[in-house]
Amino acid sequence: MAPHRHRWIVASLFLSIGLALAACAQPATPAPATATAPAAPQPTPTPPPAQPTPTAAPKEIIFGMLLVGPYNDRGWSQAHYEGGRYVEQKLPGAKMLYIDKVNPADRPGTTASQLAEELVAKGAKVIIFNSDDHKDEAVKFARAHPDIVVIHVSGDDAWKEGKNYKGIPNLANVMGEMEYGKMIAGCAAALTTQTGKLGYLGPLINDETRRLAASAYLGAKYCWEKYLGKPAADLKFKVTWIGFWFHIPGVTADPTQVAQDFINTGHDVIISGIDTTEGLREAAKAAQAGKKVWAIPYDYIGACEEAPDVCLGVPYFNWGPSYLAHIKAVQEGTWKPSWDWVGPDWKDINNPDTSHVGFLKGKALSPEASARLDEFIKGLGDGSIQLWKGPIRLQDGTLYVEEGKVATPQQIWYLPQLLEGMEGQSVPTQ
């Protein structure tokens, strides 16, 4: 091809490209307006639902419970059983195993620590011994199983300032500050009695049962004097012990007979300190026969339902929150031994999630007595009523808490006798 023709072809090619680019750069001529309606807005597409972030299944934690009595006794053992069920409801992964009637009469020749071994064999990583009667067995088991968390109810082996501290790293104690519940019970009894004679149906005699009976007396005495304006000497408060936490035929006194004896001797309010409801049942029978008799059961929030027409109310334990805190800590790997003496939530003593001790008023409590009882509870809660404040004398007349001083936790916990003004045995018969 001739050189000049080659140059012409190249020039023509560049000219064509330039014209094309120029055409592309020109602005588009706007289309003429039309009279048609604007297009309907298009809906924003709905994003697909977010997929849940996969989470690990809750870590299983099996806990075992040894109950000294029947799981459905409407008293002490049922309160613990319900506390365990509370943990199952509140803590994902928690599962309870239990064995009830763990006592020498129902299981002769079998110890609580042997039964605890059975629960461990089924996977339990926490064992709850629910009775003071299990104290030695709980310690024995804890020492033999350092990898198992042991919770002993009502003991003091984990209390560094107590008399029996053992420093076992896998053992904790839990107890409700039922002294307040008993004070409220005593007040309700004093505000109701028409004879001025109160009967206290007690279990066996030890530090726990003495301080609880004494607390009921202090509450009764205060309300008798302050609200009714009557002299303390006119209030009779008799304690009769049956010898164990509940009736064992042939071994203990019969609580049914004790309750009948109270009623037949003019004690018109029976305050129960045992695990079961014989006092309430006998009061109901007497009322049906025409007598004016009332009762205050113990331990379990639903106890009044057995005989509501004679029930003034029930001081009860709410074990769920304490058990939940301990078992959750075990599950999370943060558990540490402690001594827990836990009381009411004074904002609401019947709050099931926060109050370890409560008092549920009964149908038989009069409106006037109920109002006075509210005033009394408020005073306990804000500290304006201090019943463990001196002077306090023991049953034998010994000055125990000096004038103006408040009893120490140790003085209350280890009360050596009943108090002056109380009738009944202070120490077990040897």
# chains A, B, ... in the order shown; residues from 1 in each chain; ligands from 1
>>> select_by_dssp(residues="range 64-249 of chain A", states="strand (DSSP E)", output="PyMOL selection string")
chain A and resi 64-66+94-99+126-129+149-153+171-176+197-202+236-241
>>> residues_around(residues="Ala57 in chain A", least_positions_apart="2", cutoff="9 Å", atoms="only C-alpha atoms", output="list of chain:residue names")
A:Thr55, A:Lys59, A:Glu60, A:Pro92, A:Gly93
>>> residues_around(residues="Ser131 in chain A", least_positions_apart="4", cutoff="7 Å", atoms="only C-alpha atoms", output="ChimeraX atom specification")
/A:68,153-154
>>> residues_around(residues="Leu419 in chain A", least_positions_apart="5", cutoff="12 Å", atoms="only C-alpha atoms", output="VMD selection string")
chain A and resid 210 to 218 221 237 to 239 388 391 to 401 412 424 to 426
>>> write_last_selection(atoms="N, CA, C and O atoms", output="mmCIF file, in the first residue's frame")
data_model
loop_
_atom_site.group_PDB
_atom_site.id
_atom_site.type_symbol
_atom_site.label_atom_id
_atom_site.label_comp_id
_atom_site.auth_asym_id
_atom_site.auth_seq_id
_atom_site.Cartn_x
_atom_site.Cartn_y
_atom_site.Cartn_z
ATOM 1 N N ARG A 210 -34.157 -23.569 120.372
ATOM 2 C CA ARG A 210 -34.274 -22.642 121.500
ATOM 3 C C ARG A 210 -34.418 -21.205 121.007
ATOM 4 O O ARG A 210 -35.272 -20.451 121.489
ATOM 5 N N ARG A 211 -33.562 -20.812 120.060
ATOM 6 C CA ARG A 211 -33.608 -19.406 119.623
ATOM 7 C C ARG A 211 -34.898 -19.091 118.874
ATOM 8 O O ARG A 211 -35.401 -17.962 118.938
ATOM 9 N N LEU A 212 -35.464 -20.079 118.158
ATOM 10 C CA LEU A 212 -36.717 -19.830 117.446
ATOM 11 C C LEU A 212 -37.894 -19.746 118.409
ATOM 12 O O LEU A 212 -38.763 -18.880 118.265
ATOM 13 N N ALA A 213 -37.939 -20.632 119.399
ATOM 14 C CA ALA A 213 -38.996 -20.552 120.409
ATOM 15 C C ALA A 213 -38.889 -19.237 121.179
ATOM 16 O O ALA A 213 -39.904 -18.569 121.454
ATOM 17 N N ALA A 214 -37.665 -18.849 121.499
ATOM 18 C CA ALA A 214 -37.461 -17.601 122.236
ATOM 19 C C ALA A 214 -37.875 -16.390 121.400
ATOM 20 O O ALA A 214 -38.439 -15.422 121.929
ATOM 21 N N SER A 215 -37.614 -16.434 120.104
ATOM 22 C CA SER A 215 -38.017 -15.334 119.230
ATOM 23 C C SER A 215 -39.535 -15.199 119.182
ATOM 24 O O SER A 215 -40.075 -14.080 119.180
ATOM 25 N N ALA A 216 -40.236 -16.330 119.159
ATOM 26 C CA ALA A 216 -41.707 -16.288 119.186
ATOM 27 C C ALA A 216 -42.190 -15.653 120.487
ATOM 28 O O ALA A 216 -43.135 -14.852 120.495
ATOM 29 N N TYR A 217 -41.538 -16.002 121.575
ATOM 30 C CA TYR A 217 -41.914 -15.418 122.870
ATOM 31 C C TYR A 217 -41.657 -13.914 122.892
ATOM 32 O O TYR A 217 -42.508 -13.137 123.363
ATOM 33 N N LEU A 218 -40.506 -13.477 122.388
ATOM 34 C CA LEU A 218 -40.195 -12.052 122.379
ATOM 35 C C LEU A 218 -41.212 -11.266 121.554
ATOM 36 O O LEU A 218 -41.626 -10.169 121.936
ATOM 37 N N LYS A 221 -44.514 -11.195 123.577
ATOM 38 C CA LYS A 221 -44.396 -10.302 124.735
ATOM 39 C C LYS A 221 -44.473 -8.837 124.310
ATOM 40 O O LYS A 221 -45.157 -8.019 124.948
ATOM 41 N N PHE A 237 -46.545 -18.554 128.289
ATOM 42 C CA PHE A 237 -45.956 -19.098 127.071
ATOM 43 C C PHE A 237 -45.292 -20.417 127.434
ATOM 44 O O PHE A 237 -44.226 -20.450 128.054
ATOM 45 N N LYS A 238 -45.922 -21.511 127.026
ATOM 46 C CA LYS A 238 -45.434 -22.844 127.394
ATOM 47 C C LYS A 238 -44.875 -23.574 126.174
ATOM 48 O O LYS A 238 -45.506 -23.613 125.126
ATOM 49 N N VAL A 239 -43.681 -24.158 126.361
ATOM 50 C CA VAL A 239 -43.038 -24.928 125.305
ATOM 51 C C VAL A 239 -43.044 -26.399 125.690
ATOM 52 O O VAL A 239 -42.600 -26.766 126.778
ATOM 53 N N TRP A 388 -34.153 -8.434 120.264
ATOM 54 C CA TRP A 388 -32.985 -9.057 120.883
ATOM 55 C C TRP A 388 -32.079 -7.960 121.461
ATOM 56 O O TRP A 388 -30.884 -7.916 121.192
ATOM 57 N N PRO A 391 -32.352 -5.306 128.508
ATOM 58 C CA PRO A 391 -31.910 -6.501 129.236
ATOM 59 C C PRO A 391 -32.690 -7.758 128.841
ATOM 60 O O PRO A 391 -33.914 -7.731 128.750
ATOM 61 N N ILE A 392 -31.959 -8.836 128.614
ATOM 62 C CA ILE A 392 -32.560 -10.142 128.345
ATOM 63 C C ILE A 392 -31.953 -11.143 129.318
ATOM 64 O O ILE A 392 -30.729 -11.240 129.432
ATOM 65 N N ARG A 393 -32.821 -11.842 130.011
ATOM 66 C CA ARG A 393 -32.364 -12.845 130.979
ATOM 67 C C ARG A 393 -32.741 -14.246 130.514
ATOM 68 O O ARG A 393 -33.771 -14.446 129.879
ATOM 69 N N LEU A 394 -31.885 -15.177 130.869
ATOM 70 C CA LEU A 394 -32.165 -16.577 130.586
ATOM 71 C C LEU A 394 -33.203 -17.110 131.561
ATOM 72 O O LEU A 394 -33.565 -16.455 132.551
ATOM 73 N N GLN A 395 -33.650 -18.290 131.282
ATOM 74 C CA GLN A 395 -34.712 -18.896 132.090
ATOM 75 C C GLN A 395 -34.329 -19.007 133.566
ATOM 76 O O GLN A 395 -35.183 -18.875 134.446
ATOM 77 N N ASP A 396 -33.041 -19.219 133.860
ATOM 78 C CA ASP A 396 -32.604 -19.349 135.252
ATOM 79 C C ASP A 396 -32.315 -18.006 135.910
ATOM 80 O O ASP A 396 -31.809 -17.949 137.045
ATOM 81 N N GLY A 397 -32.611 -16.898 135.211
ATOM 82 C CA GLY A 397 -32.424 -15.572 135.785
ATOM 83 C C GLY A 397 -31.102 -14.910 135.438
ATOM 84 O O GLY A 397 -30.896 -13.724 135.746
ATOM 85 N N THR A 398 -30.191 -15.625 134.781
ATOM 86 C CA THR A 398 -28.900 -15.056 134.409
ATOM 87 C C THR A 398 -29.078 -13.937 133.378
ATOM 88 O O THR A 398 -29.809 -14.094 132.405
ATOM 89 N N LEU A 399 -28.407 -12.790 133.631
ATOM 90 C CA LEU A 399 -28.446 -11.709 132.655
ATOM 91 C C LEU A 399 -27.642 -12.128 131.431
ATOM 92 O O LEU A 399 -26.440 -12.396 131.520
ATOM 93 N N TYR A 400 -28.274 -12.184 130.288
ATOM 94 C CA TYR A 400 -27.634 -12.688 129.068
ATOM 95 C C TYR A 400 -27.230 -11.548 128.132
ATOM 96 O O TYR A 400 -26.143 -11.563 127.556
ATOM 97 N N VAL A 401 -28.103 -10.566 127.958
ATOM 98 C CA VAL A 401 -27.799 -9.389 127.151
ATOM 99 C C VAL A 401 -28.014 -8.172 128.042
ATOM 100 O O VAL A 401 -29.101 -7.972 128.583
ATOM 101 N N ILE A 412 -27.390 -14.943 119.750
ATOM 102 C CA ILE A 412 -28.691 -15.423 119.277
ATOM 103 C C ILE A 412 -28.572 -16.865 118.787
ATOM 104 O O ILE A 412 -29.354 -17.733 119.169
ATOM 105 N N GLY A 424 -40.972 -24.330 130.207
ATOM 106 C CA GLY A 424 -40.580 -25.475 129.393
ATOM 107 C C GLY A 424 -39.135 -25.848 129.621
ATOM 108 O O GLY A 424 -38.372 -25.133 130.273
ATOM 109 N N GLN A 425 -38.748 -26.974 129.076
ATOM 110 C CA GLN A 425 -37.417 -27.501 129.265
ATOM 111 C C GLN A 425 -36.419 -26.785 128.361
ATOM 112 O O GLN A 425 -36.679 -26.554 127.183
ATOM 113 N N SER A 426 -35.249 -26.431 128.928
ATOM 114 C CA SER A 426 -34.245 -25.693 128.171
ATOM 115 C C SER A 426 -33.158 -26.565 127.561
ATOM 116 O O SER A 426 -32.554 -26.198 126.560
#
>>> residues_around(residues="Glu118 in chain A", least_positions_apart="6", cutoff="10 Å", atoms="only C-alpha atoms", output="mmCIF file with all heavy atoms, in the first residue's frame")
data_model
loop_
_atom_site.group_PDB
_atom_site.id
_atom_site.type_symbol
_atom_site.label_atom_id
_atom_site.label_comp_id
_atom_site.auth_asym_id
_atom_site.auth_seq_id
_atom_site.Cartn_x
_atom_site.Cartn_y
_atom_site.Cartn_z
ATOM 1 N N GLY A 64 -28.412 -32.831 93.901
ATOM 2 C CA GLY A 64 -29.156 -33.811 94.679
ATOM 3 C C GLY A 64 -29.578 -33.237 96.013
ATOM 4 O O GLY A 64 -28.860 -32.430 96.616
ATOM 5 N N ILE A 99 -33.927 -37.611 97.501
ATOM 6 C CA ILE A 99 -34.319 -38.773 98.302
ATOM 7 C C ILE A 99 -34.941 -38.215 99.569
ATOM 8 O O ILE A 99 -34.333 -37.380 100.250
ATOM 9 C CB ILE A 99 -33.112 -39.664 98.661
ATOM 10 C CG1 ILE A 99 -32.437 -40.195 97.385
ATOM 11 C CG2 ILE A 99 -33.542 -40.824 99.541
ATOM 12 C CD1 ILE A 99 -31.150 -40.971 97.646
ATOM 13 N N ALA A 124 -24.969 -36.173 90.210
ATOM 14 C CA ALA A 124 -25.087 -34.943 90.997
ATOM 15 C C ALA A 124 -23.720 -34.343 91.293
ATOM 16 O O ALA A 124 -22.794 -35.046 91.706
ATOM 17 C CB ALA A 124 -25.832 -35.217 92.301
#
>>> closest_atom_pairs(of="range 231-286 of chain A", to="range 70-77 of chain A", cutoff="8 Å", atoms="only C-alpha atoms", output="Markdown table")
| residue | atom | partner | partner_atom | distance |
| --- | --- | --- | --- | --- |
| A:Asp275 | CA | A:Gly75 | CA | 5.0 |
| A:Thr276 | CA | A:Gly75 | CA | 5.3 |
| A:Thr277 | CA | A:Gly75 | CA | 7.3 |
>>> write_last_selection(atoms="N, CA and C atoms", output="short mmCIF file (atom, residue, chain, number, x, y, z; two decimals), in the first residue's frame")
data_model
loop_
_atom_site.label_atom_id
_atom_site.label_comp_id
_atom_site.auth_asym_id
_atom_site.auth_seq_id
_atom_site.Cartn_x
_atom_site.Cartn_y
_atom_site.Cartn_z
N ASP A 275 -42.03 -29.96 112.00
CA ASP A 275 -42.08 -29.98 110.54
C ASP A 275 -43.47 -30.23 109.98
N THR A 276 -44.37 -30.73 110.77
CA THR A 276 -45.68 -31.17 110.27
C THR A 276 -46.81 -30.40 110.95
N THR A 277 -48.06 -30.69 110.59
CA THR A 277 -49.18 -29.78 110.87
C THR A 277 -50.18 -30.28 111.91
#
>>> closest_atom_pairs(of="range 241-340 of chain A", to="range 183-201 of chain A", cutoff="12 Å", atoms="only C-alpha atoms", output="tab-separated table")
residue	atom	partner	partner_atom	distance
A:Trp241	CA	A:Leu201	CA	6.3
A:Ile242	CA	A:Leu201	CA	7.7
A:Gly243	CA	A:Leu201	CA	10.6
A:Phe244	CA	A:Leu201	CA	11.2
A:Trp245	CA	A:Leu201	CA	10.5
A:Phe246	CA	A:Leu201	CA	10.6
A:His247	CA	A:Leu201	CA	11.7
A:Ala253	CA	A:Leu201	CA	10.8
A:Asp254	CA	A:Leu201	CA	10.6
A:Pro255	CA	A:Leu201	CA	7.4
A:Thr256	CA	A:Leu201	CA	9.9
A:Gln257	CA	A:Leu201	CA	10.7
A:Val258	CA	A:Leu201	CA	7.4
A:Ala259	CA	A:Leu201	CA	7.3
A:Gln260	CA	A:Gly199	CA	10.5
A:Asp261	CA	A:Gly199	CA	9.5
A:Phe262	CA	A:Gly199	CA	6.1
A:Ile263	CA	A:Gly199	CA	8.5
A:Asn264	CA	A:Gly199	CA	11.2
A:Thr265	CA	A:Lys197	CA	8.9
A:Gly266	CA	A:Lys197	CA	6.6
A:His267	CA	A:Lys197	CA	4.6
A:Asp268	CA	A:Thr193	CA	6.1
A:Val269	CA	A:Leu198	CA	5.2
A:Ile270	CA	A:Gly199	CA	4.8
A:Ile271	CA	A:Tyr200	CA	4.8
A:Ser272	CA	A:Leu201	CA	4.8
A:Gly273	CA	A:Leu201	CA	5.6
A:Ile274	CA	A:Leu201	CA	6.7
A:Asp275	CA	A:Leu201	CA	10.3
A:Thr276	CA	A:Leu201	CA	10.5
A:Thr277	CA	A:Leu201	CA	10.2
A:Glu278	CA	A:Leu201	CA	9.3
A:Gly279	CA	A:Leu201	CA	7.4
A:Leu280	CA	A:Leu201	CA	10.6
A:Glu282	CA	A:Leu201	CA	11.9
A:Ala283	CA	A:Gly199	CA	11.5
A:Lys291	CA	A:Gln194	CA	11.5
A:Lys292	CA	A:Gln194	CA	8.5
A:Val293	CA	A:Thr193	CA	8.4
A:Trp294	CA	A:Thr193	CA	8.2
A:Ala295	CA	A:Ala189	CA	8.1
A:Ile296	CA	A:Ala185	CA	6.9
A:Pro297	CA	A:Ala185	CA	9.1
A:Tyr298	CA	A:Ala185	CA	9.3
A:Asp299	CA	A:Ala185	CA	11.8
A:Val310	CA	A:Thr192	CA	11.1
A:Cys311	CA	A:Ala189	CA	10.3
A:Leu312	CA	A:Ala188	CA	6.9
A:Gly313	CA	A:Ala185	CA	7.4
A:Val314	CA	A:Ala185	CA	7.2
A:Pro315	CA	A:Ala185	CA	6.6
A:Tyr316	CA	A:Ala185	CA	10.3
>>> closest_atom_pairs(of="range 294-399 of chain A", to="range 155-158 of chain A", cutoff="10 Å", atoms="only C-alpha atoms", output="JSON lines")
{"residue": "A:Pro337", "atom": "CA", "partner": "A:Ala158", "partner_atom": "CA", "distance": 7.1}
{"residue": "A:Ser338", "atom": "CA", "partner": "A:Ala158", "partner_atom": "CA", "distance": 6.0}
{"residue": "A:Trp339", "atom": "CA", "partner": "A:Ala158", "partner_atom": "CA", "distance": 5.2}
{"residue": "A:Asp340", "atom": "CA", "partner": "A:Ala158", "partner_atom": "CA", "distance": 8.9}
{"residue": "A:Trp341", "atom": "CA", "partner": "A:Asp156", "partner_atom": "CA", "distance": 9.6}
